[in-house]
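As structure tokens, the structure follows; a few thoughts come after it.
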Amino acid sequence: MTTVPIPEDWPATEEQAHAVQDALRARVILDEPGPPPGQGHVTGVDVAYDDERDVVAAAAVVLDASSLGVVAEATAVGRVSFPYVPGLLAFREIPTVLAALEALPCPPGLVVCDGYGLAHPRRFGLASHLGVLTGLPTIGVAKNPFTFSYDDPGTARGSSSALLAGSEEVGRALRTRDGVKPVFVSVGHRVTLDQACAHTLALTPAYRIPETTRRADALCREALRKTYSA
DNA sequence: GCGACAG
DNA sequence: ATCTTGTCGC
């Protein structure tokens, strides 16, 4: 497999990365409802790292939104394009994730990211960034509340509460399993927060984490492992 | 200035 | 994210 090159114009400093986010943020589309849950394709993307070897592996897994069966998969391997800095995660993952998405044999439909969209210090997290670059509808489903606050949602699956940046609702804490820690959903691009939550529930019939990111997580780890032997 | 901080 | 075995519980 070929190694994904880091773009020539990729930011090298935090200041440059902030400037890119500030410039692209205006292109996020928030007035579209997004695709209906349970129909068409839903694609999960995720990334695994080996900072020692400076290697990153990304995976994109397309599921049938109705059956949650796997329709297609693709992976890509690249060099780590940015250090981990809270708020700048996108610059670490996007080049390789884009390559994996482009390697898919079919349209991805809605893309589900492992992280945040609008719930971000500058309202432009990974999911929004990926959405603007691809034009695809995207949402972010994170495992941790990052710097945001929230009241614990009801104990039943489906319960939710506002994820807050001060008094602004930037996402939602959504319970996907009875009595289990909620996930944190935010809008990426071309999807409404209500629809993002509906999709998340449709993707969690058995586990806390969406089936899309579970599949993508397993696949990118496997791709990273194969990078050692071959 | 010191901590906290998606993955 | 990643380092890492067994173990408690449904």
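Chain lettering (A, B, ...) mirrors the order of the structure tokens, residue numbering begins at 1 for each chain separately, and ligand numbering begins at 1 in order of display.
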
Give me the residues of chain B that have any atom at most 9 Å from an atom of chain A; for each, the nearest atom pair and the distance in Å, rounded to one decimal. Use only C-alpha atoms (C1' of nucleotides), sort by chain and number, and format it as JSON lines.
{"residue": "B:DA4", "atom": "C1'", "partner": "A:Thr147", "partner_atom": "CA", "distance": 7.4}
{"residue": "B:DC5", "atom": "C1'", "partner": "A:Pro86", "partner_atom": "CA", "distance": 5.7}
{"residue": "B:DA6", "atom": "C1'", "partner": "A:Gly115", "partner_atom": "CA", "distance": 4.8}
{"residue": "B:DG7", "atom": "C1'", "partner": "A:Leu89", "partner_atom": "CA", "distance": 6.8}

Can you list, as number ranges by chain, every residue of range 73-164 of chain A that DSSP puts in alpha helix (DSSP H)?
A: 90-102, 126-134

DSSP on the backbone, strand (DSSP E or B) only: what residues of range 132-202 of chain A does that give? Format it as a ChimeraX atom specification.
/A:138-142,149,160-165,168-174,183-189

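Within 12 Å of chain A, and using only C-alpha atoms (C1' of nucleotides), the residues found on chain C are DA1, DT2 and DC3 of chain C.
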
One-decimal distance in Å that lies between CA of Ala100 in chain A and CA of Glu222 in chain A:
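About the pair CA of Glu222 in chain A and CA of Ala100 in chain A: they are 14.1 Å apart.
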
Skip Pro137 in chain A itself and residues of its chain fewer than 2 positions away, then list as number ranges by chain all residues within 8 Å of it, counting only C-alpha atoms (C1' of nucleotides).
A: 34-35, 109-111, 131, 135, 139, 188-191

Need the shell around range 175-181 of chain A: protein/DNA/RNA residues with any atom at most 12 Å away, counting only C-alpha atoms (C1' of nucleotides). Skip same-chain ones fewer than 3 positions apart. Format as a PyMOL selection string?
chain A and resi 141-145+151-162+172+184-185+197-211

Could you please take those selected residues and save N, CA and C atoms as an mmCIF file, in the first residue's frame?
data_model
loop_
_atom_site.group_PDB
_atom_site.id
_atom_site.type_symbol
_atom_site.label_atom_id
_atom_site.label_comp_id
_atom_site.auth_asym_id
_atom_site.auth_seq_id
_atom_site.Cartn_x
_atom_site.Cartn_y
_atom_site.Cartn_z
ATOM 1 N N VAL A 141 -19.316 11.961 17.024
ATOM 2 C CA VAL A 141 -19.765 11.262 18.224
ATOM 3 C C VAL A 141 -18.519 10.978 19.060
ATOM 4 N N ALA A 142 -18.381 11.721 20.169
ATOM 5 C CA ALA A 142 -17.183 11.601 20.995
ATOM 6 C C ALA A 142 -17.453 10.811 22.277
ATOM 7 N N LYS A 143 -16.398 10.253 22.827
ATOM 8 C CA LYS A 143 -16.520 9.433 24.037
ATOM 9 C C LYS A 143 -16.334 10.251 25.310
ATOM 10 N N ASN A 144 -15.779 11.431 25.174
ATOM 11 C CA ASN A 144 -15.539 12.300 26.339
ATOM 12 C C ASN A 144 -16.071 13.710 26.107
ATOM 13 N N PRO A 145 -16.439 14.403 27.187
ATOM 14 C CA PRO A 145 -17.040 15.741 27.083
ATOM 15 C C PRO A 145 -16.073 16.875 26.739
ATOM 16 N N ASP A 151 -25.431 18.317 32.137
ATOM 17 C CA ASP A 151 -26.102 17.672 33.260
ATOM 18 C C ASP A 151 -26.281 16.225 32.841
ATOM 19 N N ASP A 152 -26.123 15.318 33.778
ATOM 20 C CA ASP A 152 -26.261 13.909 33.464
ATOM 21 C C ASP A 152 -27.666 13.654 32.906
ATOM 22 N N PRO A 153 -27.739 13.060 31.698
ATOM 23 C CA PRO A 153 -29.063 12.770 31.131
ATOM 24 C C PRO A 153 -29.749 11.643 31.901
ATOM 25 N N GLY A 154 -31.060 11.469 31.648
ATOM 26 C CA GLY A 154 -31.801 10.402 32.304
ATOM 27 C C GLY A 154 -31.107 9.070 32.084
ATOM 28 N N THR A 155 -31.398 8.087 32.928
ATOM 29 C CA THR A 155 -30.687 6.813 32.877
ATOM 30 C C THR A 155 -31.086 5.921 31.712
ATOM 31 N N ALA A 156 -32.218 6.207 31.085
ATOM 32 C CA ALA A 156 -32.689 5.360 29.982
ATOM 33 C C ALA A 156 -32.056 5.696 28.639
ATOM 34 N N ARG A 157 -31.793 4.664 27.846
ATOM 35 C CA ARG A 157 -31.292 4.849 26.495
ATOM 36 C C ARG A 157 -32.218 5.812 25.768
ATOM 37 N N GLY A 158 -31.623 6.791 25.054
ATOM 38 C CA GLY A 158 -32.423 7.761 24.321
ATOM 39 C C GLY A 158 -32.520 9.094 25.051
ATOM 40 N N SER A 159 -32.244 9.075 26.356
ATOM 41 C CA SER A 159 -32.285 10.328 27.115
ATOM 42 C C SER A 159 -31.097 11.197 26.712
ATOM 43 N N SER A 160 -31.300 12.507 26.759
ATOM 44 C CA SER A 160 -30.195 13.394 26.407
ATOM 45 C C SER A 160 -30.279 14.698 27.170
ATOM 46 N N SER A 161 -29.158 15.420 27.172
ATOM 47 C CA SER A 161 -29.115 16.737 27.799
ATOM 48 C C SER A 161 -28.184 17.598 26.962
ATOM 49 N N ALA A 162 -28.272 18.895 27.173
ATOM 50 C CA ALA A 162 -27.469 19.810 26.366
ATOM 51 C C ALA A 162 -25.991 19.736 26.735
ATOM 52 N N ARG A 172 -24.899 17.456 22.284
ATOM 53 C CA ARG A 172 -25.795 16.805 23.219
ATOM 54 C C ARG A 172 -25.118 15.590 23.855
ATOM 55 N N PHE A 184 -21.151 11.882 23.287
ATOM 56 C CA PHE A 184 -21.320 13.316 23.092
ATOM 57 C C PHE A 184 -21.418 13.628 21.603
ATOM 58 N N VAL A 185 -22.631 13.992 21.205
ATOM 59 C CA VAL A 185 -22.941 14.169 19.784
ATOM 60 C C VAL A 185 -22.923 15.643 19.385
ATOM 61 N N CYS A 197 -28.481 13.037 16.482
ATOM 62 C CA CYS A 197 -28.804 12.170 17.624
ATOM 63 C C CYS A 197 -29.624 10.965 17.172
ATOM 64 N N ALA A 198 -30.547 11.187 16.240
ATOM 65 C CA ALA A 198 -31.367 10.085 15.730
ATOM 66 C C ALA A 198 -30.478 9.057 15.042
ATOM 67 N N HIS A 199 -29.517 9.513 14.267
ATOM 68 C CA HIS A 199 -28.580 8.611 13.598
ATOM 69 C C HIS A 199 -27.763 7.828 14.627
ATOM 70 N N THR A 200 -27.322 8.546 15.648
ATOM 71 C CA THR A 200 -26.502 7.903 16.673
ATOM 72 C C THR A 200 -27.268 6.786 17.369
ATOM 73 N N LEU A 201 -28.541 7.033 17.644
ATOM 74 C CA LEU A 201 -29.348 5.986 18.287
ATOM 75 C C LEU A 201 -29.566 4.809 17.335
ATOM 76 N N ALA A 202 -29.743 5.115 16.048
ATOM 77 C CA ALA A 202 -29.953 4.043 15.071
ATOM 78 C C ALA A 202 -28.698 3.186 14.930
ATOM 79 N N LEU A 203 -27.551 3.772 15.265
ATOM 80 C CA LEU A 203 -26.274 3.057 15.106
ATOM 81 C C LEU A 203 -25.815 2.373 16.390
ATOM 82 N N THR A 204 -26.614 2.460 17.445
ATOM 83 C CA THR A 204 -26.221 1.855 18.719
ATOM 84 C C THR A 204 -27.279 0.900 19.268
ATOM 85 N N PRO A 205 -27.597 -0.167 18.507
ATOM 86 C CA PRO A 205 -28.598 -1.122 18.979
ATOM 87 C C PRO A 205 -28.064 -2.012 20.098
ATOM 88 N N ALA A 206 -26.745 -2.107 20.215
ATOM 89 C CA ALA A 206 -26.174 -3.045 21.190
ATOM 90 C C ALA A 206 -25.045 -2.484 22.036
ATOM 91 N N TYR A 207 -24.313 -1.509 21.518
ATOM 92 C CA TYR A 207 -23.163 -0.975 22.249
ATOM 93 C C TYR A 207 -23.257 0.537 22.408
ATOM 94 N N ARG A 208 -22.472 1.053 23.370
ATOM 95 C CA ARG A 208 -22.486 2.502 23.609
ATOM 96 C C ARG A 208 -21.986 3.266 22.398
ATOM 97 N N ILE A 209 -20.938 2.755 21.762
ATOM 98 C CA ILE A 209 -20.312 3.421 20.621
ATOM 99 C C ILE A 209 -20.985 2.995 19.313
ATOM 100 N N PRO A 210 -21.189 3.953 18.404
ATOM 101 C CA PRO A 210 -21.846 3.644 17.126
ATOM 102 C C PRO A 210 -21.150 2.489 16.393
ATOM 103 N N GLU A 211 -21.938 1.665 15.756
ATOM 104 C CA GLU A 211 -21.421 0.525 14.995
ATOM 105 C C GLU A 211 -20.403 0.989 13.950
#

From the options A:Ser67, A:Ser186, A:Thr43, A:Gln195, which residue's atoms come nearest to Pro108 in chain A, counting only C-alpha atoms?
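Nearest to Pro108 in chain A: A:Thr43.
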
Of the candidates A:Ser81, A:Ser149, A:Ser66, A:Gln16, which one gets nearest to Pro95 in chain A if we count only C-alpha atoms?
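With only C-alpha atoms as the atom set, the closest residue is A:Ser81.
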
What does the distance from CA of Cys113 in chain A to CA of Ala60 in chain A come to in Å, to one decimal?
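If I compute the distance from CA of Cys113 in chain A to CA of Ala60 in chain A, I get 10.0 Å.
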
Pro107 in chain A environment, 10 Å, only C-alpha atoms (C1' of nucleotides), sequence neighbours closer than 6 positions dropped, as an MDAnalysis selection string
chainID A and resid 40:43 62 72 101 136
